[in-house]
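A.B. asks: So I've got this file, my_file00.cif, and it contains mmCIF, C-alpha atoms:
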data_query
loop_
_atom_site.label_atom_id
_atom_site.label_comp_id
_atom_site.auth_asym_id
_atom_site.auth_seq_id
_atom_site.Cartn_x
_atom_site.Cartn_y
_atom_site.Cartn_z
CA MET H 1 0.36 -23.35 47.70
CA ARG H 2 -1.33 -21.02 45.25
CA LEU H 3 -1.24 -20.03 41.62
CA SER H 4 1.58 -17.64 40.81
CA LYS H 5 0.78 -13.97 40.62
CA TYR H 6 0.31 -13.69 36.89
CA VAL H 7 -1.40 -17.04 36.33
CA LYS H 8 -5.12 -17.13 35.62
CA PHE H 9 -7.31 -20.23 35.67
CA ARG H 10 -10.58 -20.81 33.85
CA GLU H 11 -12.67 -23.93 33.65
CA GLU H 12 -13.72 -25.15 30.21
CA LYS H 13 -15.89 -28.01 28.91
CA PHE H 14 -12.78 -30.10 28.24
CA GLY H 15 -11.21 -29.26 31.60
CA GLY H 16 -9.54 -25.91 31.97
CA VAL H 17 -6.84 -23.48 30.94
CA LEU H 18 -4.00 -21.83 32.76
CA PHE H 19 -2.89 -18.54 31.26
CA GLU H 20 0.54 -17.29 32.31
CA THR H 21 -0.01 -13.66 31.41
CA ARG H 22 3.61 -12.48 31.78
CA SER H 23 4.87 -14.79 29.05
CA GLU H 24 1.40 -14.93 27.45
CA LYS H 25 1.51 -18.72 27.37
CA VAL H 26 -1.63 -20.80 27.63
CA PHE H 27 -1.68 -24.36 28.97
CA THR H 28 -4.63 -26.66 28.51
CA LEU H 29 -5.68 -28.88 31.38
CA ASN H 30 -7.53 -32.16 31.20
CA ALA H 31 -10.21 -32.98 33.74
CA VAL H 32 -7.80 -34.41 36.32
CA ALA H 33 -5.40 -31.51 36.08
CA THR H 34 -8.34 -29.16 36.38
CA ALA H 35 -9.39 -30.88 39.60
CA VAL H 36 -5.88 -30.36 40.98
CA VAL H 37 -5.84 -26.69 40.09
CA ARG H 38 -9.33 -26.23 41.55
CA GLU H 39 -8.00 -27.59 44.86
CA ILE H 40 -4.94 -25.35 44.71
CA ASN H 41 -7.21 -22.39 44.03
CA SER H 42 -9.24 -23.19 47.11
CA GLY H 43 -6.10 -22.85 49.24
CA CYS H 44 -5.00 -26.46 49.66
CA ASP H 45 -1.36 -27.44 50.03
CA GLU H 46 0.05 -30.39 48.09
CA ASP H 47 -0.83 -33.01 50.69
CA GLU H 48 -4.37 -31.70 50.98
CA VAL H 49 -4.77 -31.70 47.20
CA VAL H 50 -3.65 -35.34 47.09
CA LYS H 51 -5.89 -36.29 50.02
CA HIS H 52 -8.97 -34.75 48.43
CA LEU H 53 -8.32 -36.34 45.05
CA LYS H 54 -7.67 -39.76 46.58
CA GLU H 55 -10.98 -39.54 48.39
CA ARG H 56 -12.81 -38.31 45.33
CA TYR H 57 -11.44 -40.94 42.98
CA GLU H 58 -11.15 -43.85 45.46
CA ASP H 59 -7.44 -44.24 44.87
CA ARG H 60 -6.78 -47.81 45.98
CA ASP H 61 -3.63 -48.44 43.93
CA GLY H 62 -1.90 -45.10 44.44
CA VAL H 63 -2.20 -44.00 40.79
CA VAL H 64 -4.09 -40.85 41.63
CA GLU H 65 -1.52 -39.78 44.19
CA ARG H 66 1.37 -40.35 41.78
CA GLU H 67 -0.36 -38.43 39.00
CA ALA H 68 -1.37 -35.56 41.22
CA ARG H 69 2.12 -35.18 42.74
CA ALA H 70 3.74 -35.37 39.30
CA PHE H 71 1.38 -32.72 38.02
CA VAL H 72 2.05 -30.41 40.97
CA ALA H 73 5.78 -30.86 40.36
CA ASP H 74 5.21 -29.90 36.72
CA LEU H 75 3.34 -26.79 37.80
CA ARG H 76 6.19 -25.84 40.15
CA GLU H 77 8.82 -26.43 37.48
CA LYS H 78 7.00 -24.14 35.10
CA GLY H 79 6.57 -21.50 37.78
CA LEU H 80 2.79 -21.69 37.62
CA VAL H 81 2.37 -22.23 41.37
CA GLN H 82 4.22 -20.98 44.40
CA ASP H 83 4.33 -22.16 48.00
CA MET U 1 -10.00 -41.42 37.46
CA THR U 2 -8.50 -42.15 34.05
CA GLY U 3 -5.64 -40.65 32.16
CA GLN U 4 -2.73 -38.65 33.43
CA ALA U 5 -3.11 -35.15 34.74
CA THR U 6 -1.65 -33.17 31.91
CA LEU U 7 -0.41 -29.73 31.29
CA SER U 8 -0.12 -29.52 27.56
CA PRO U 9 2.76 -27.38 26.44
CA PRO U 10 2.31 -24.38 24.22
CA GLU U 11 3.04 -24.84 20.56
CA PRO U 12 4.53 -22.52 17.95
CA PRO U 13 4.05 -20.31 16.12
CA PRO U 14 3.20 -17.46 18.45
CA ALA U 15 -0.32 -16.10 18.66
CA ALA U 16 -0.97 -12.59 17.47
CA ALA U 17 -1.74 -11.72 21.05
CA GLY U 18 1.83 -12.29 22.06
CA GLU U 19 3.10 -15.78 22.54
CA SER U 20 1.71 -19.26 22.59
CA ILE U 21 -1.67 -20.90 22.49
CA ALA U 22 -2.12 -24.57 23.19
CA ALA U 23 -5.91 -24.88 23.02
CA GLU U 24 -7.75 -24.23 19.78
CA SER U 25 -9.97 -21.21 20.22
CA SER U 26 -12.98 -23.21 19.07
CA ASP U 27 -12.60 -25.42 22.15
CA LEU U 28 -12.88 -22.47 24.50
CA GLY U 29 -16.08 -21.07 25.99
CA ALA U 30 -14.88 -17.48 25.69
CA PRO U 31 -11.86 -15.52 24.47
CA LEU U 32 -8.70 -15.61 26.53
CA TYR U 33 -7.58 -12.18 25.50
CA VAL U 34 -9.31 -8.95 24.51
CA ALA U 35 -7.29 -6.15 22.94
CA TRP U 36 -9.45 -3.05 23.27
CA GLN U 37 -8.63 0.09 21.35
CA VAL U 38 -10.45 2.38 23.75
CA THR U 39 -10.22 5.49 21.58
CA ASN U 40 -8.78 6.53 18.25
CA GLU U 41 -7.82 9.90 19.71
CA CYS U 42 -4.11 10.45 20.22
CA ASN U 43 -1.83 13.30 21.18
CA LEU U 44 0.70 12.08 18.59
CA ALA U 45 0.45 11.47 14.84
CA CYS U 46 3.05 8.75 14.28
CA LEU U 47 4.25 8.07 10.76
CA HIS U 48 3.55 4.34 11.01
CA CYS U 49 0.35 4.29 13.09
CA ILE U 50 -1.72 1.35 11.88
CA GLU U 51 -4.87 2.84 13.39
CA GLU U 52 -4.45 6.26 11.71
CA SER U 53 -4.85 7.79 15.16
CA GLY U 54 -3.99 11.36 15.97
CA PRO U 55 -5.30 14.62 17.37
CA GLY U 56 -8.99 14.96 16.48
CA LYS U 57 -9.12 11.37 15.16
CA ALA U 58 -11.57 9.95 17.72
CA PHE U 59 -14.37 8.03 16.01
CA ARG U 60 -17.65 9.95 16.03
CA ASP U 61 -19.42 6.91 17.44
CA GLU U 62 -17.03 5.84 20.20
CA LEU U 63 -18.67 3.98 23.07
CA ASP U 64 -20.26 5.97 25.87
CA GLU U 65 -19.77 5.26 29.56
CA GLU U 66 -22.80 3.02 29.94
CA GLN U 67 -21.79 0.93 26.92
CA ILE U 68 -18.17 0.66 28.06
CA PHE U 69 -19.01 -0.64 31.50
CA SER U 70 -21.73 -2.94 30.25
CA ILE U 71 -19.16 -4.50 27.90
CA LEU U 72 -16.49 -4.70 30.59
CA GLU U 73 -18.98 -6.37 32.90
CA GLN U 74 -19.61 -9.05 30.26
CA PHE U 75 -15.89 -9.60 29.80
CA MET U 76 -15.30 -10.07 33.49
CA ASP U 77 -18.44 -12.19 33.99
CA HIS U 78 -17.09 -14.57 31.34
CA GLN U 79 -13.72 -14.67 33.09
CA ILE U 80 -11.67 -13.29 30.23
CA PRO U 81 -8.35 -13.46 32.02
CA TYR U 82 -6.37 -10.92 30.08
CA LEU U 83 -7.19 -7.55 28.53
CA SER U 84 -5.18 -4.76 27.03
CA PHE U 85 -6.16 -1.14 26.56
CA SER U 86 -4.62 0.62 23.60
CA GLY U 87 -5.65 3.28 21.15
CA GLY U 88 -5.04 5.82 19.87
CA GLU U 89 -3.63 6.79 23.18
CA PRO U 90 -5.71 5.10 25.89
CA MET U 91 -4.61 7.50 28.61
CA VAL U 92 -6.34 10.45 26.90
CA HIS U 93 -9.72 8.72 27.29
CA PRO U 94 -11.66 10.53 30.06
CA LEU U 95 -12.73 7.21 31.59
CA PHE U 96 -9.31 5.57 31.36
CA PHE U 97 -8.61 5.22 35.08
CA LYS U 98 -12.19 4.24 35.86
CA MET U 99 -11.92 1.44 33.29
CA VAL U 100 -8.57 0.31 34.69
CA GLU U 101 -10.00 0.33 38.19
CA TYR U 102 -12.98 -1.78 37.14
CA VAL U 103 -10.93 -4.48 35.39
CA CYS U 104 -8.37 -4.71 38.17
CA SER U 105 -11.07 -4.81 40.86
CA ARG U 106 -12.59 -7.82 39.06
CA ASP U 107 -9.22 -9.60 39.11
CA GLY U 108 -8.48 -9.15 35.40
CA GLU U 109 -4.92 -8.98 34.19
CA LEU U 110 -4.59 -5.71 32.33
CA LYS U 111 -1.88 -4.35 30.08
CA ILE U 112 -1.78 -0.71 29.01
CA GLU U 113 -0.22 0.11 25.64
CA THR U 114 0.77 3.76 25.60
CA ASN U 115 3.06 6.25 23.94
CA GLY U 116 4.37 7.12 27.39
CA HIS U 117 3.55 10.83 27.33
CA PHE U 118 1.11 10.74 30.26
CA LEU U 119 3.20 8.62 32.61
CA THR U 120 3.63 11.22 35.30
CA PRO U 121 4.79 10.08 38.74
CA ASP U 122 1.19 10.43 40.00
CA ASN U 123 -0.30 8.42 37.14
CA CYS U 124 2.34 5.70 37.53
CA ALA U 125 1.67 5.47 41.25
CA ARG U 126 -2.03 5.16 40.48
CA LEU U 127 -1.44 2.39 37.95
CA LYS U 128 0.68 0.56 40.48
CA ALA U 129 -1.95 0.93 43.20
CA LEU U 130 -4.67 -0.34 40.87
CA GLY U 131 -2.54 -3.38 40.04
CA VAL U 132 -2.07 -3.33 36.27
CA LYS U 133 -0.11 -6.29 34.96
CA ALA U 134 2.18 -4.19 32.80
CA VAL U 135 2.53 -0.98 30.87
CA GLN U 136 3.91 -1.25 27.36
CA VAL U 137 5.57 1.89 26.06
CA SER U 138 6.39 2.48 22.41
CA LEU U 139 10.02 3.55 22.02
CA ASP U 140 10.82 3.50 18.33
CA GLY U 141 14.33 4.75 18.71
CA ALA U 142 17.23 4.89 21.11
CA THR U 143 17.85 8.55 20.45
CA ARG U 144 15.79 11.73 20.39
CA PRO U 145 16.18 12.48 16.65
CA THR U 146 14.92 9.08 15.47
CA PHE U 147 12.15 8.83 18.06
CA ASN U 148 10.87 12.32 17.33
CA ARG U 149 11.02 11.75 13.58
CA MET U 150 8.80 8.67 13.90
CA ARG U 151 6.50 9.96 16.62
CA VAL U 152 5.27 13.22 15.19
CA ARG U 153 4.40 15.64 18.03
CA GLY U 154 6.14 13.26 20.41
CA GLU U 155 9.13 13.93 22.63
CA PHE U 156 11.70 11.25 23.37
CA ASN U 157 12.68 12.72 26.74
CA VAL U 158 9.07 12.76 27.93
CA ALA U 159 8.61 9.12 26.99
CA ILE U 160 11.88 8.16 28.68
CA ASP U 161 10.89 10.06 31.82
CA GLY U 162 7.57 8.23 31.70
CA VAL U 163 9.30 4.85 31.63
CA ARG U 164 11.56 5.91 34.49
CA ASN U 165 8.44 6.94 36.45
CA LEU U 166 6.93 3.51 35.85
CA HIS U 167 10.09 1.88 37.14
CA ALA U 168 10.17 4.11 40.21
CA ALA U 169 6.56 3.23 40.95
CA GLY U 170 7.24 -0.49 40.56
CA VAL U 171 5.03 -1.04 37.51
CA PRO U 172 6.20 -3.89 35.23
CA ILE U 173 7.46 -2.42 31.95
CA GLU U 174 7.40 -3.65 28.38
CA ILE U 175 8.92 -1.78 25.46
CA ASN U 176 7.60 -1.92 21.90
CA TYR U 177 9.70 -0.98 18.88
CA SER U 178 8.60 -0.60 15.24
CA PRO U 179 11.52 -0.76 12.79
CA THR U 180 11.93 1.65 9.90
CA CYS U 181 14.75 2.43 7.52
CA PHE U 182 15.80 5.35 9.71
CA ASN U 183 15.75 3.70 13.15
CA VAL U 184 16.75 0.12 12.34
CA HIS U 185 20.41 0.79 13.08
CA GLU U 186 19.44 1.63 16.68
CA ILE U 187 17.73 -1.68 17.47
CA GLY U 188 20.63 -2.99 19.53
CA THR U 189 20.98 0.16 21.60
CA ALA U 190 17.20 0.38 21.98
CA ILE U 191 17.20 -3.08 23.56
CA ASP U 192 20.07 -2.06 25.84
CA LEU U 193 18.13 1.08 26.76
CA ALA U 194 14.99 -0.93 27.52
CA HIS U 195 16.95 -3.10 29.92
CA GLU U 196 18.60 -0.10 31.52
CA LEU U 197 15.15 1.42 32.04
CA GLY U 198 13.99 -1.69 33.87
CA ALA U 199 11.84 -3.39 31.22
CA TYR U 200 11.15 -7.09 31.59
CA SER U 201 10.09 -7.56 27.96
CA PHE U 202 10.93 -6.04 24.59
CA TYR U 203 8.61 -6.52 21.59
CA THR U 204 9.23 -5.91 17.93
CA GLY U 205 8.53 -7.32 14.48
CA ARG U 206 7.95 -6.19 10.93
CA THR U 207 6.27 -2.82 10.45
CA MET U 208 2.99 -3.20 8.62
CA TYR U 209 2.00 -1.45 5.41
CA THR U 210 -1.29 -0.07 6.62
CA GLY U 211 -2.80 2.99 8.26
CA ASN U 212 -0.56 6.05 8.24
CA ALA U 213 2.33 3.90 7.01
CA VAL U 214 0.73 3.68 3.57
CA LYS U 215 1.22 7.41 3.00
CA ALA U 216 4.64 7.48 4.66
CA TRP U 217 5.95 4.17 3.31
CA HIS U 218 8.65 5.83 1.22
CA LYS U 219 10.05 7.27 4.46
CA LEU U 220 9.70 4.04 6.45
CA ALA U 221 10.23 0.92 4.37
CA LEU U 222 13.13 -1.38 5.15
CA THR U 223 14.84 -3.53 2.58
CA GLU U 224 14.97 -7.29 3.10
CA GLU U 225 18.72 -6.90 3.66
CA GLN U 226 18.00 -4.50 6.52
CA TYR U 227 15.51 -6.97 7.97
CA VAL U 228 18.11 -9.74 7.81
CA GLU U 229 20.49 -7.63 9.86
CA PHE U 230 17.66 -6.53 12.17
CA PHE U 231 16.67 -10.10 13.00
CA ALA U 232 20.30 -11.14 13.39
CA THR U 233 20.69 -8.44 16.04
CA LEU U 234 17.49 -9.59 17.72
CA HIS U 235 18.73 -13.18 17.92
CA ARG U 236 22.00 -11.95 19.39
CA LYS U 237 20.24 -9.73 21.93
CA THR U 238 17.83 -12.50 22.87
CA GLU U 239 20.80 -14.56 23.99
CA GLU U 240 22.57 -11.63 25.63
CA TYR U 241 19.56 -10.81 27.80
CA ARG U 242 18.33 -14.36 28.42
CA GLY U 243 17.16 -14.62 32.02
CA ARG U 244 17.18 -10.84 32.46
CA MET U 245 14.78 -9.46 29.86
CA ARG U 246 12.72 -11.28 27.23
CA VAL U 247 13.16 -10.14 23.65
CA HIS U 248 10.04 -11.11 21.68
CA PHE U 249 9.85 -10.77 17.94
CA HIS U 250 7.87 -12.14 15.02
CA GLU U 251 10.27 -13.05 12.29
CA MET U 252 7.65 -14.50 10.01
CA GLY U 253 5.94 -12.28 7.52
CA LEU U 254 2.32 -11.24 7.72
CA LEU U 255 1.20 -13.70 5.05
CA GLU U 256 2.74 -16.67 6.83
CA GLU U 257 1.19 -15.56 10.12
CA LEU U 258 -2.27 -15.15 8.59
CA ARG U 259 -2.10 -18.52 6.84
CA TYR U 260 -1.43 -20.11 10.21
CA ARG U 261 -4.13 -18.06 11.92
CA VAL U 262 -6.85 -18.98 9.47
CA GLN U 263 -6.30 -22.61 10.50
CA HIS U 264 -5.70 -21.83 14.17
CA PRO U 265 -7.42 -18.59 15.21
CA ALA U 266 -6.04 -17.13 18.41
CA ALA U 267 -8.57 -16.80 21.25
CA LEU U 268 -8.32 -13.06 20.86
CA LEU U 269 -10.89 -10.38 20.10
CA ILE U 270 -9.89 -6.95 18.84
CA VAL U 271 -12.41 -4.36 20.05
CA LEU U 272 -12.53 -1.06 18.19
CA PRO U 273 -13.40 2.25 19.90
CA ASN U 274 -17.01 2.00 18.66
CA GLY U 275 -17.55 -1.55 19.91
CA LEU U 276 -17.06 -3.32 16.59
CA VAL U 277 -15.01 -6.50 16.90
CA LYS U 278 -12.34 -7.48 14.41
CA LEU U 279 -11.16 -11.01 13.66
CA ILE U 280 -7.55 -9.93 13.87
CA ASN U 281 -5.85 -6.58 13.45
CA ALA U 282 -4.23 -7.48 10.16
CA LEU U 283 -7.53 -8.28 8.39
CA PRO U 284 -10.44 -5.96 7.58
CA PHE U 285 -13.14 -8.36 8.79
CA ILE U 286 -15.68 -7.42 11.47
CA CYS U 287 -17.33 -10.31 13.30
CA GLY U 288 -19.55 -8.48 15.76
CA ASP U 289 -20.81 -5.30 17.38
CA LEU U 290 -20.71 -5.17 21.17
CA ARG U 291 -23.32 -2.38 21.18
CA ARG U 292 -25.90 -4.76 19.76
CA GLN U 293 -24.72 -8.30 20.36
CA SER U 294 -23.69 -10.25 23.41
CA LEU U 295 -20.12 -11.41 23.86
CA MET U 296 -21.26 -15.02 23.49
CA ASP U 297 -23.01 -14.31 20.18
CA ILE U 298 -19.90 -12.58 18.91
CA TRP U 299 -17.64 -15.38 20.12
CA ALA U 300 -19.79 -17.91 18.23
CA ASN U 301 -19.66 -15.76 15.11
CA PHE U 302 -15.90 -15.32 15.51
CA GLN U 303 -15.53 -19.09 15.05
CA ARG U 304 -17.77 -19.08 11.97
CA ALA U 305 -16.25 -15.95 10.49
CA TRP U 306 -12.74 -17.41 10.33
CA LYS U 307 -14.19 -20.06 7.99
CA ASP U 308 -15.83 -17.50 5.71
CA PRO U 309 -14.37 -17.95 2.20
CA ARG U 310 -13.79 -14.19 1.94
CA VAL U 311 -11.24 -14.41 4.74
CA ALA U 312 -9.21 -17.14 3.02
CA GLN U 313 -9.56 -15.29 -0.28
CA PHE U 314 -8.23 -12.05 1.22
CA ILE U 315 -5.22 -13.90 2.61
CA ASP U 316 -4.59 -15.64 -0.71
CA ASP U 317 -4.80 -12.29 -2.49
CA LEU U 318 -2.15 -10.90 -0.15
CA ALA U 319 0.33 -13.35 -1.66
CA THR U 320 0.12 -11.58 -5.00
CA ASP U 321 -0.80 -8.13 -3.76
CA PRO U 322 0.82 -7.30 -0.39
CA GLY U 323 -0.56 -3.79 -0.80
CA LYS U 324 -4.01 -5.08 0.15
CA THR U 325 -3.09 -4.38 3.76
CA SER U 326 -3.70 -0.73 2.89
CA THR U 327 -7.43 -1.56 2.91
CA LEU U 328 -7.63 -2.87 6.47
CA HIS U 329 -9.78 0.06 7.54
CA GLN U 330 -12.36 -0.65 4.86
CA TRP U 331 -14.30 -2.99 7.10
CA VAL U 332 -16.00 -6.06 5.75
CA TYR U 333 -18.75 -7.63 7.86
CA VAL U 334 -18.64 -11.41 8.04
#
What is this file in structure tokens?
C.D. replies:
Amino acid sequence: MRLSKYVKFREEKFGGVLFETRSEKVFTLNAVATAVVREINSGCDEDEVVKHLKERYEDRDGVVEREARAFVADLREKGLVQD
Amino acid sequence: MTGQATLSPPEPPPAAAGESIAAESSDLGAPLYVAWQVTNECNLACLHCIEESGPGKAFRDELDEEQIFSILEQFMDHQIPYLSFSGGEPMVHPLFFKMVEYVCSRDGELKIETNGHFLTPDNCARLKALGVKAVQVSLDGATRPTFNRMRVRGEFNVAIDGVRNLHAAGVPIEINYSPTCFNVHEIGTAIDLAHELGAYSFYTGRTMYTGNAVKAWHKLALTEEQYVEFFATLHRKTEEYRGRMRVHFHEMGLLEELRYRVQHPAALLIVLPNGLVKLINALPFICGDLRRQSLMDIWANFQRAWKDPRVAQFIDDLATDPGKTSTLHQWVYV
């Protein structure tokens, strides 16, 4: 999985931004979403992203996994990532 | 970990840069978009040119090579994701391809805004190889007589060939259209033509009373009734081409746009050919000088400058005197 061709990512103090430069739309990311995109940018697939976040945030109740998978689905739906 | 991972949606109205901005610019560490007018020189002398560009119209103090690449280096070091090169005509600048190469090699998304007269097959192949995001060509007419009337010294068939060359080379194409009283009836066919030529986006809006348009306004101005019909056609064409080509247009007037912008500045810097930085194209205010100040200093001043009372006053004055846009080139430093 990777960011789509025309999508740019930049980290900010509040988290980050995704800029879809074809449609010229900007999406703001909170800290958690930024962590997901950082993992995607490093070449991880969805399962690896979830694994790394679960480890990082000690996900004992499965909340992190649900949030991360929902967010990745949102990115896919908006065409911001591609497999 | 607390809180949901969120992707906040964009919100209307569109940014001057193009579409939608979700984050306030003051929250950002750097601009998201730089629109750089690389030269004021142009091979054409269009009736409506807001920059008053034309042959022999380069600024005397345009940036030299060292300044240009020092500025570009700053932009890329601060991860500005999206730049555009316009003019004047950017492709007449002697360093045009070197600048394109630099931005693309640093992974910047770059749009070229051109009159289409230098889009030879070789140049289009080069732009494709360098990886520009898109080339936007101004086609202010669907026929040769209207196009040539608007684009003084221009030739419709050359511009059309240029767009066809872009398409053949595989470069993403955008078309820009400025309405006037003598081309407005062609808006529908111009959109059809853009699609036939392979464009993925079509941009238009209200033509501004500034630059060359001030002198030529009696030849250009549309009535509100013509604008009503114009926007009705645009709405119809938006639906007709949905999923095949995006039709973008700003229906709101300049005053409404500026009133929104003063509260929500777009994360956009307008760079003039001499390195001065404008708050927004439709205001005369200069918030920095890239020859003397760092990008970060200018970005900080950009935030302050939008709050300068002179900016709000200028916008308020526009409500009673729309002709104030004729003074946009009388720069005011804030």
A.B. asks: Write out, as JSON lines, each residue of stretch 246-290 of chain U that has an atom at most 12 Å from stretch 78-95 of chain U, together with the closest pair of atoms and their distance in Å to one decimal, counting only C-alpha atoms, rows going by chain and rising number.
C.D. replies:
{"residue": "U:Ala267", "atom": "CA", "partner": "U:Ile80", "partner_atom": "CA", "distance": 10.1}
{"residue": "U:Leu268", "atom": "CA", "partner": "U:Leu83", "partner_atom": "CA", "distance": 9.5}
{"residue": "U:Leu269", "atom": "CA", "partner": "U:Leu83", "partner_atom": "CA", "distance": 9.6}
{"residue": "U:Ile270", "atom": "CA", "partner": "U:Ser84", "partner_atom": "CA", "distance": 9.7}
{"residue": "U:Val271", "atom": "CA", "partner": "U:Phe85", "partner_atom": "CA", "distance": 9.6}
{"residue": "U:Leu272", "atom": "CA", "partner": "U:Gly87", "partner_atom": "CA", "distance": 8.7}
{"residue": "U:Pro273", "atom": "CA", "partner": "U:Gly87", "partner_atom": "CA", "distance": 7.9}
{"residue": "U:Asn274", "atom": "CA", "partner": "U:Gly87", "partner_atom": "CA", "distance": 11.7}
A.B. asks: Could you expand the PyMOL selection byres ((chain H) within 8 of (chain U)) into the explicit residues it covers here, written as number ranges by chain?
C.D. replies: H: 6, 8-10, 12-14, 19, 21-33, 57, 64, 67-68, 71, 74
A.B. asks: Under the rule that all atoms listed in the file are counted, which of H:Glu39, H:Glu46, H:Glu20, H:Glu55 is the nearest residue to H:Ala70?
C.D. replies: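 Ranking H:Glu39, H:Glu46, H:Glu20, H:Glu55 by distance to H:Ala70, first place goes to H:Glu46.
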A.B. asks: Quick one: residues within 12 Å of H:Cys44, all atoms listed in the file, excluding same-chain residues fewer than 6 positions away - as a ChimeraX atom specification?
C.D. replies: /H:1-3,35-38,50-53,72,81-83
A.B. asks: I'd like to see the residues matched by the PyMOL selection byres ((chain U and resi 191-193) around 12) on this file, and ideally I'd get them as a PyMOL selection string.
C.D. replies: chain U and resi 139-143+160+163-164+174-177+184-190+194-204+230+233-238+240-241+244-248
A.B. asks: Let me see the file: selected residues, C-alpha atoms, as a PDB file, in the frame of the given file.
C.D. replies:
ATOM      1  CA  LEU U 139      10.020   3.550  22.020  1.00  0.00           C
ATOM      2  CA  ASP U 140      10.820   3.500  18.330  1.00  0.00           C
ATOM      3  CA  GLY U 141      14.330   4.750  18.710  1.00  0.00           C
ATOM      4  CA  ALA U 142      17.230   4.890  21.110  1.00  0.00           C
ATOM      5  CA  THR U 143      17.850   8.550  20.450  1.00  0.00           C
ATOM      6  CA  ILE U 160      11.880   8.160  28.680  1.00  0.00           C
ATOM      7  CA  VAL U 163       9.300   4.850  31.630  1.00  0.00           C
ATOM      8  CA  ARG U 164      11.560   5.910  34.490  1.00  0.00           C
ATOM      9  CA  GLU U 174       7.400  -3.650  28.380  1.00  0.00           C
ATOM     10  CA  ILE U 175       8.920  -1.780  25.460  1.00  0.00           C
ATOM     11  CA  ASN U 176       7.600  -1.920  21.900  1.00  0.00           C
ATOM     12  CA  TYR U 177       9.700  -0.980  18.880  1.00  0.00           C
ATOM     13  CA  VAL U 184      16.750   0.120  12.340  1.00  0.00           C
ATOM     14  CA  HIS U 185      20.410   0.790  13.080  1.00  0.00           C
ATOM     15  CA  GLU U 186      19.440   1.630  16.680  1.00  0.00           C
ATOM     16  CA  ILE U 187      17.730  -1.680  17.470  1.00  0.00           C
ATOM     17  CA  GLY U 188      20.630  -2.990  19.530  1.00  0.00           C
ATOM     18  CA  THR U 189      20.980   0.160  21.600  1.00  0.00           C
ATOM     19  CA  ALA U 190      17.200   0.380  21.980  1.00  0.00           C
ATOM     20  CA  ALA U 194      14.990  -0.930  27.520  1.00  0.00           C
ATOM     21  CA  HIS U 195      16.950  -3.100  29.920  1.00  0.00           C
ATOM     22  CA  GLU U 196      18.600  -0.100  31.520  1.00  0.00           C
ATOM     23  CA  LEU U 197      15.150   1.420  32.040  1.00  0.00           C
ATOM     24  CA  GLY U 198      13.990  -1.690  33.870  1.00  0.00           C
ATOM     25  CA  ALA U 199      11.840  -3.390  31.220  1.00  0.00           C
ATOM     26  CA  TYR U 200      11.150  -7.090  31.590  1.00  0.00           C
ATOM     27  CA  SER U 201      10.090  -7.560  27.960  1.00  0.00           C
ATOM     28  CA  PHE U 202      10.930  -6.040  24.590  1.00  0.00           C
ATOM     29  CA  TYR U 203       8.610  -6.520  21.590  1.00  0.00           C
ATOM     30  CA  THR U 204       9.230  -5.910  17.930  1.00  0.00           C
ATOM     31  CA  PHE U 230      17.660  -6.530  12.170  1.00  0.00           C
ATOM     32  CA  THR U 233      20.690  -8.440  16.040  1.00  0.00           C
ATOM     33  CA  LEU U 234      17.490  -9.590  17.720  1.00  0.00           C
ATOM     34  CA  HIS U 235      18.730 -13.180  17.920  1.00  0.00           C
ATOM     35  CA  ARG U 236      22.000 -11.950  19.390  1.00  0.00           C
ATOM     36  CA  LYS U 237      20.240  -9.730  21.930  1.00  0.00           C
ATOM     37  CA  THR U 238      17.830 -12.500  22.870  1.00  0.00           C
ATOM     38  CA  GLU U 240      22.570 -11.630  25.630  1.00  0.00           C
ATOM     39  CA  TYR U 241      19.560 -10.810  27.800  1.00  0.00           C
ATOM     40  CA  ARG U 244      17.180 -10.840  32.460  1.00  0.00           C
ATOM     41  CA  MET U 245      14.780  -9.460  29.860  1.00  0.00           C
ATOM     42  CA  ARG U 246      12.720 -11.280  27.230  1.00  0.00           C
ATOM     43  CA  VAL U 247      13.160 -10.140  23.650  1.00  0.00           C
ATOM     44  CA  HIS U 248      10.040 -11.110  21.680  1.00  0.00           C
TER      45      HIS U 248
END
A.B. asks: Report the distance between atom CA of U:Pro55 and atom CA of U:Asn165 in Å, rounded to one decimal place.
C.D. replies: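 Here the two named atoms are 24.7 Å from each other.
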A.B. asks: Just give me the gap between atom CA of U:Thr207 and atom CA of U:Gln303 in Å, one decimal is fine.
C.D. replies: 27.6 Å
A.B. asks: Report, in Å with one decimal, the straight-line distance from atom CA of U:Glu155 to atom CA of U:Phe182.
C.D. replies: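 Computing the Euclidean distance for atom CA of U:Glu155 and atom CA of U:Phe182 yields 16.9 Å.
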A.B. asks: Mind giving me the axis-aligned box for stretch 3-14 of chain H with 4 Å on every side, centre plus edges in Å to one decimal, as lines of an AutoDock Vina configuration file?
C.D. replies:
center_x = -7.2
center_y = -21.9
center_z = 34.9
size_x = 25.5
size_y = 24.4
size_z = 21.4
A.B. asks: Name the residues captured by the PyMOL selection byres ((chain U and resi 119) around 8) when it is applied to the shown file; answer as a VMD selection string.
C.D. replies: chain U and resid 116 to 118 120 to 124 159 161 to 163 165 to 166
A.B. asks: Using all atoms listed in the file, which protein or nucleic acid residues come within 12 Å of U:Glu51? Drop anything in the same chain fewer than 4 positions from it, and give the result as number ranges by chain.
C.D. replies: U: 37-42, 44-47, 57-59, 86-89, 208-214, 272-273, 281-282, 284, 326-330
